[in-house]
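Here is coords_13.pdb, consisting of PDB, C-alpha atoms and all ligand atoms:
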```pdb
ATOM      1  CA  MET A   1      29.910 -41.438  14.446  1.00  0.00           C
ATOM      2  CA  LYS A   2      26.121 -41.637  14.131  1.00  0.00           C
ATOM      3  CA  ASN A   3      25.652 -38.407  16.129  1.00  0.00           C
ATOM      4  CA  ILE A   4      28.005 -36.348  13.931  1.00  0.00           C
ATOM      5  CA  ASN A   5      26.175 -37.426  10.776  1.00  0.00           C
ATOM      6  CA  GLU A   6      22.856 -36.320  12.189  1.00  0.00           C
ATOM      7  CA  ARG A   7      24.219 -32.888  13.065  1.00  0.00           C
ATOM      8  CA  ASP A   8      25.620 -32.347   9.555  1.00  0.00           C
ATOM      9  CA  GLN A   9      22.297 -33.162   7.994  1.00  0.00           C
ATOM     10  CA  SER A  10      20.369 -30.692  10.126  1.00  0.00           C
ATOM     11  CA  LYS A  11      22.794 -27.885   9.242  1.00  0.00           C
ATOM     12  CA  GLY A  12      22.106 -28.105   5.507  1.00  0.00           C
ATOM     13  CA  TYR A  13      18.358 -28.317   5.927  1.00  0.00           C
ATOM     14  CA  ILE A  14      16.260 -25.245   4.914  1.00  0.00           C
ATOM     15  CA  PRO A  15      12.659 -25.318   6.178  1.00  0.00           C
ATOM     16  CA  LEU A  16      10.143 -25.089   3.323  1.00  0.00           C
ATOM     17  CA  ARG A  17       8.182 -22.268   4.947  1.00  0.00           C
ATOM     18  CA  LEU A  18      11.263 -20.010   4.829  1.00  0.00           C
ATOM     19  CA  ILE A  19      11.599 -20.583   1.078  1.00  0.00           C
ATOM     20  CA  ILE A  20       7.907 -19.774   0.546  1.00  0.00           C
ATOM     21  CA  ARG A  21       8.132 -16.639   2.694  1.00  0.00           C
ATOM     22  CA  ASP A  22      11.095 -15.422   0.630  1.00  0.00           C
ATOM     23  CA  LYS A  23       9.151 -15.906  -2.611  1.00  0.00           C
ATOM     24  CA  MET A  24       6.083 -14.105  -1.223  1.00  0.00           C
ATOM     25  CA  LYS A  25       8.234 -11.153  -0.199  1.00  0.00           C
ATOM     26  CA  ARG A  26       9.582 -10.702  -3.705  1.00  0.00           C
ATOM     27  CA  PHE A  27       6.113 -11.109  -5.223  1.00  0.00           C
ATOM     28  CA  SER A  28       4.521  -8.352  -3.123  1.00  0.00           C
ATOM     29  CA  GLU A  29       7.400  -5.852  -3.253  1.00  0.00           C
ATOM     30  CA  ARG A  30       5.226  -2.827  -4.094  1.00  0.00           C
ATOM     31  CA  ASP A  31       2.418  -3.766  -1.705  1.00  0.00           C
ATOM     32  CA  GLU A  32       3.828  -3.394   1.774  1.00  0.00           C
ATOM     33  CA  SER A  33       2.274  -2.332   5.072  1.00  0.00           C
ATOM     34  CA  PHE A  34       2.935   1.249   6.217  1.00  0.00           C
ATOM     35  CA  ILE A  35       1.937   3.745   8.907  1.00  0.00           C
ATOM     36  CA  CYS A  36      -0.410   6.439   7.589  1.00  0.00           C
ATOM     37  CA  GLU A  37       1.181   9.874   7.996  1.00  0.00           C
ATOM     38  CA  ASN A  38      -2.188  11.529   8.545  1.00  0.00           C
ATOM     39  CA  CYS A  39      -4.113   9.272  10.981  1.00  0.00           C
ATOM     40  CA  LYS A  40      -1.081   7.234  12.211  1.00  0.00           C
ATOM     41  CA  LYS A  41      -2.917   3.921  11.784  1.00  0.00           C
ATOM     42  CA  GLU A  42      -1.071   0.876  10.520  1.00  0.00           C
ATOM     43  CA  VAL A  43      -2.223  -0.008   7.012  1.00  0.00           C
ATOM     44  CA  SER A  44      -1.866  -3.631   5.903  1.00  0.00           C
ATOM     45  CA  PRO A  45      -1.071  -4.691   2.320  1.00  0.00           C
ATOM     46  CA  LEU A  46      -3.955  -4.793  -0.157  1.00  0.00           C
ATOM     47  CA  ILE A  47      -2.954  -8.159  -1.786  1.00  0.00           C
ATOM     48  CA  TYR A  48      -4.991  -7.839  -5.025  1.00  0.00           C
ATOM     49  CA  SER A  49      -3.351  -4.550  -6.015  1.00  0.00           C
ATOM     50  CA  SER A  50      -0.797  -2.013  -4.786  1.00  0.00           C
ATOM     51  CA  ARG A  51      -2.077  -0.015  -1.824  1.00  0.00           C
ATOM     52  CA  ASP A  52      -1.826   3.658  -2.765  1.00  0.00           C
ATOM     53  CA  HIS A  53      -3.815   5.340   0.000  1.00  0.00           C
ATOM     54  CA  CYS A  54      -4.978   4.885   3.594  1.00  0.00           C
ATOM     55  CA  PRO A  55      -8.316   2.965   3.860  1.00  0.00           C
ATOM     56  CA  TYR A  56      -9.231   4.787   7.126  1.00  0.00           C
ATOM     57  CA  CYS A  57      -8.769   8.492   6.318  1.00  0.00           C
ATOM     58  CA  LEU A  58      -8.149   8.066   2.533  1.00  0.00           C
ATOM     59  CA  TYR A  59      -5.021  10.259   2.587  1.00  0.00           C
ATOM     60  CA  SER A  60      -2.270   9.282   0.180  1.00  0.00           C
ATOM     61  CA  LYS A  61       1.318  10.279  -0.416  1.00  0.00           C
ATOM     62  CA  HIS A  62       2.753  11.995  -3.484  1.00  0.00           C
ATOM     63  CA  VAL A  63       5.319   9.325  -4.389  1.00  0.00           C
ATOM     64  CA  ASP A  64       4.481   8.259  -7.965  1.00  0.00           C
ATOM     65  CA  ILE A  65       5.136   9.961 -11.299  1.00  0.00           C
ATOM     66  CA  ASN A  66       3.466   7.061 -13.135  1.00  0.00           C
ATOM     67  CA  PRO A  67       1.212   4.739 -11.069  1.00  0.00           C
ATOM     68  CA  GLY A  68       3.295   2.459  -8.812  1.00  0.00           C
ATOM     69  CA  ASP A  69       6.763   3.709  -9.823  1.00  0.00           C
ATOM     70  CA  ARG A  70       7.557   5.526  -6.498  1.00  0.00           C
ATOM     71  CA  GLU A  71       9.836   7.879  -8.477  1.00  0.00           C
ATOM     72  CA  ASN A  72       8.437  11.220  -7.311  1.00  0.00           C
ATOM     73  CA  PRO A  73      10.768  13.171  -5.003  1.00  0.00           C
ATOM     74  CA  CYS A  74       7.881  15.357  -3.636  1.00  0.00           C
ATOM     75  CA  LYS A  75       6.639  12.920  -0.912  1.00  0.00           C
ATOM     76  CA  GLY A  76       3.987  15.479   0.120  1.00  0.00           C
ATOM     77  CA  LEU A  77       0.720  14.412   1.764  1.00  0.00           C
ATOM     78  CA  LEU A  78      -2.148  13.999  -0.726  1.00  0.00           C
ATOM     79  CA  LYS A  79      -5.370  15.294   0.819  1.00  0.00           C
ATOM     80  CA  PRO A  80      -8.668  13.777  -0.439  1.00  0.00           C
ATOM     81  CA  ILE A  81     -10.815  16.636  -1.783  1.00  0.00           C
ATOM     82  CA  GLY A  82     -13.554  14.891  -3.755  1.00  0.00           C
ATOM     83  CA  ILE A  83     -14.953  11.754  -5.389  1.00  0.00           C
ATOM     84  CA  GLU A  84     -15.455  11.148  -9.097  1.00  0.00           C
ATOM     85  CA  LYS A  85     -17.369   8.306 -10.814  1.00  0.00           C
ATOM     86  CA  TYR A  86     -15.036   6.074 -12.816  1.00  0.00           C
ATOM     87  CA  LYS A  87     -16.407   3.132 -14.887  1.00  0.00           C
ATOM     88  CA  ASP A  88     -18.124   0.867 -12.303  1.00  0.00           C
ATOM     89  CA  THR A  89     -16.155   2.311  -9.384  1.00  0.00           C
ATOM     90  CA  TYR A  90     -14.946   5.664  -8.032  1.00  0.00           C
ATOM     91  CA  LYS A  91     -11.799   7.730  -8.011  1.00  0.00           C
ATOM     92  CA  ILE A  92     -10.667   9.824  -5.068  1.00  0.00           C
ATOM     93  CA  LEU A  93      -9.509  13.308  -6.085  1.00  0.00           C
ATOM     94  CA  TYR A  94      -6.449  14.591  -4.242  1.00  0.00           C
ATOM     95  CA  GLN A  95      -4.476  17.729  -3.828  1.00  0.00           C
ATOM     96  CA  CYS A  96      -0.853  17.541  -2.736  1.00  0.00           C
ATOM     97  CA  GLN A  97      -0.270  19.627   0.405  1.00  0.00           C
ATOM     98  CA  LYS A  98       3.303  20.358  -0.696  1.00  0.00           C
ATOM     99  CA  CYS A  99       3.391  21.006  -4.468  1.00  0.00           C
ATOM    100  CA  LYS A 100      -0.423  21.583  -4.884  1.00  0.00           C
ATOM    101  CA  ILE A 101      -0.708  19.219  -7.853  1.00  0.00           C
ATOM    102  CA  SER A 102      -4.022  17.339  -8.403  1.00  0.00           C
ATOM    103  CA  HIS A 103      -3.979  13.563  -8.305  1.00  0.00           C
ATOM    104  CA  LYS A 104      -6.486  10.677  -8.551  1.00  0.00           C
ATOM    105  CA  ASN A 105      -6.568   7.174  -7.069  1.00  0.00           C
ATOM    106  CA  ILE A 106      -9.154   4.445  -7.621  1.00  0.00           C
ATOM    107  CA  VAL A 107     -10.953   3.494  -4.381  1.00  0.00           C
ATOM    108  CA  ALA A 108      -9.882   0.203  -2.782  1.00  0.00           C
ATOM    109  CA  LYS A 109     -12.283  -2.569  -1.733  1.00  0.00           C
ATOM    110  CA  ASP A 110     -11.668  -2.007   1.971  1.00  0.00           C
ATOM    111  CA  ASP A 111     -11.804   1.810   1.998  1.00  0.00           C
ATOM    112  CA  ASP A 112     -13.962   3.319   4.715  1.00  0.00           C
ATOM    113  CA  MET A 113     -17.307   3.952   2.941  1.00  0.00           C
ATOM    114  CA  ASN A 114     -18.334   6.638   5.456  1.00  0.00           C
ATOM    115  CA  MET A 115     -15.170   8.593   4.647  1.00  0.00           C
ATOM    116  CA  ILE A 116     -15.886   8.319   0.919  1.00  0.00           C
ATOM    117  CA  ILE A 117     -19.432   9.628   1.445  1.00  0.00           C
ATOM    118  CA  GLN A 118     -18.124  12.471   3.601  1.00  0.00           C
ATOM    119  CA  ILE A 119     -15.571  13.516   0.997  1.00  0.00           C
ATOM    120  CA  SER A 120     -18.124  13.324  -1.825  1.00  0.00           C
ATOM    121  CA  LYS A 121     -20.153  15.993   0.010  1.00  0.00           C
ATOM    122  CA  ILE A 122     -17.307  18.529   0.123  1.00  0.00           C
TER     123      ILE A 122
HETATM  124 ZN    ZN A 201      -4.885   7.405   7.391  1.00  0.00          ZN
HETATM  125 ZN    ZN A 202       3.491  16.866  -4.383  1.00  0.00          ZN
END
```
How does the structure come out when it is put into structure tokens?
Ligand SMILES: [Zn+2]
Ligand SMILES: [Zn+2]
Amino acid sequence: MKNINERDQSKGYIPLRLIIRDKMKRFSERDESFICENCKKEVSPLIYSSRDHCPYCLYSKHVDINPGDRENPCKGLLKPIGIEKYKDTYKILYQCQKCKISHKNIVAKDDDMNMIIQISKI
């Protein structure tokens, strides 16, 4: 009898780390890792904000109508074409390779500084 009881208890037991992982997943829904379509590197989540461009080559994807909504059906590759000063940081200027629209993203903390300097010289 003692053995059966022990088995029943272990069946209903949910490890705490699984519950935490589930909550974290919901919290960071819009900030997920992805493979960059330009340089093919794996880009990890940004944590403090939604990642909207690749930190290695700075390319982005035309997916938003309003920032973060992912509602744009274009899905073209946004090519970085310049840098613009914005408050105490910078914005990367983009042109969509598909629909040719201009777009801007604020630089992220872990963006490749050498790439930003290179683009600012274009
Ligand atoms: Zn990239
Ligand atoms: Zn586009």
Please give me, as a PyMOL selection string, the residues lying within 10 Å of ligand ZN 201 (chain A) when counting only C-alpha atoms and all ligand atoms.
chain A and resi 35-43+53-60
I would like the residues chosen by the PyMOL selection byres (((chain A and resi 76-93) around 12) and not hetatm) on the shown file; could you give them as a PyMOL selection string?
chain A and resi 36-39+52-64+72-75+94-109+111+113+115-122
Store the residues picked out above, limited to C-alpha atoms, as a compact mmCIF listing (two decimals), keeping the file's coordinate frame.
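Result file is selection-v8.txt:
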```txt
# COMPACT_ATOMS: atom_id res chain seq x y z
CA CYS A 36 -0.41 6.44 7.59
CA GLU A 37 1.18 9.87 8.00
CA ASN A 38 -2.19 11.53 8.54
CA CYS A 39 -4.11 9.27 10.98
CA ASP A 52 -1.83 3.66 -2.76
CA HIS A 53 -3.82 5.34 0.00
CA CYS A 54 -4.98 4.88 3.59
CA PRO A 55 -8.32 2.96 3.86
CA TYR A 56 -9.23 4.79 7.13
CA CYS A 57 -8.77 8.49 6.32
CA LEU A 58 -8.15 8.07 2.53
CA TYR A 59 -5.02 10.26 2.59
CA SER A 60 -2.27 9.28 0.18
CA LYS A 61 1.32 10.28 -0.42
CA HIS A 62 2.75 12.00 -3.48
CA VAL A 63 5.32 9.32 -4.39
CA ASP A 64 4.48 8.26 -7.96
CA ASN A 72 8.44 11.22 -7.31
CA PRO A 73 10.77 13.17 -5.00
CA CYS A 74 7.88 15.36 -3.64
CA LYS A 75 6.64 12.92 -0.91
CA TYR A 94 -6.45 14.59 -4.24
CA GLN A 95 -4.48 17.73 -3.83
CA CYS A 96 -0.85 17.54 -2.74
CA GLN A 97 -0.27 19.63 0.40
CA LYS A 98 3.30 20.36 -0.70
CA CYS A 99 3.39 21.01 -4.47
CA LYS A 100 -0.42 21.58 -4.88
CA ILE A 101 -0.71 19.22 -7.85
CA SER A 102 -4.02 17.34 -8.40
CA HIS A 103 -3.98 13.56 -8.30
CA LYS A 104 -6.49 10.68 -8.55
CA ASN A 105 -6.57 7.17 -7.07
CA ILE A 106 -9.15 4.44 -7.62
CA VAL A 107 -10.95 3.49 -4.38
CA ALA A 108 -9.88 0.20 -2.78
CA LYS A 109 -12.28 -2.57 -1.73
CA ASP A 111 -11.80 1.81 2.00
CA MET A 113 -17.31 3.95 2.94
CA MET A 115 -15.17 8.59 4.65
CA ILE A 116 -15.89 8.32 0.92
CA ILE A 117 -19.43 9.63 1.44
CA GLN A 118 -18.12 12.47 3.60
CA ILE A 119 -15.57 13.52 1.00
CA SER A 120 -18.12 13.32 -1.82
CA LYS A 121 -20.15 15.99 0.01
CA ILE A 122 -17.31 18.53 0.12
```
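The gap separating CA of Glu71 (chain A) from CA of Leu46 (chain A) is 20.5 Å, in Å to one decimal.
Put simply, CA of Asn66 (chain A) is 20.5 Å away from CA of Ser33 (chain A).
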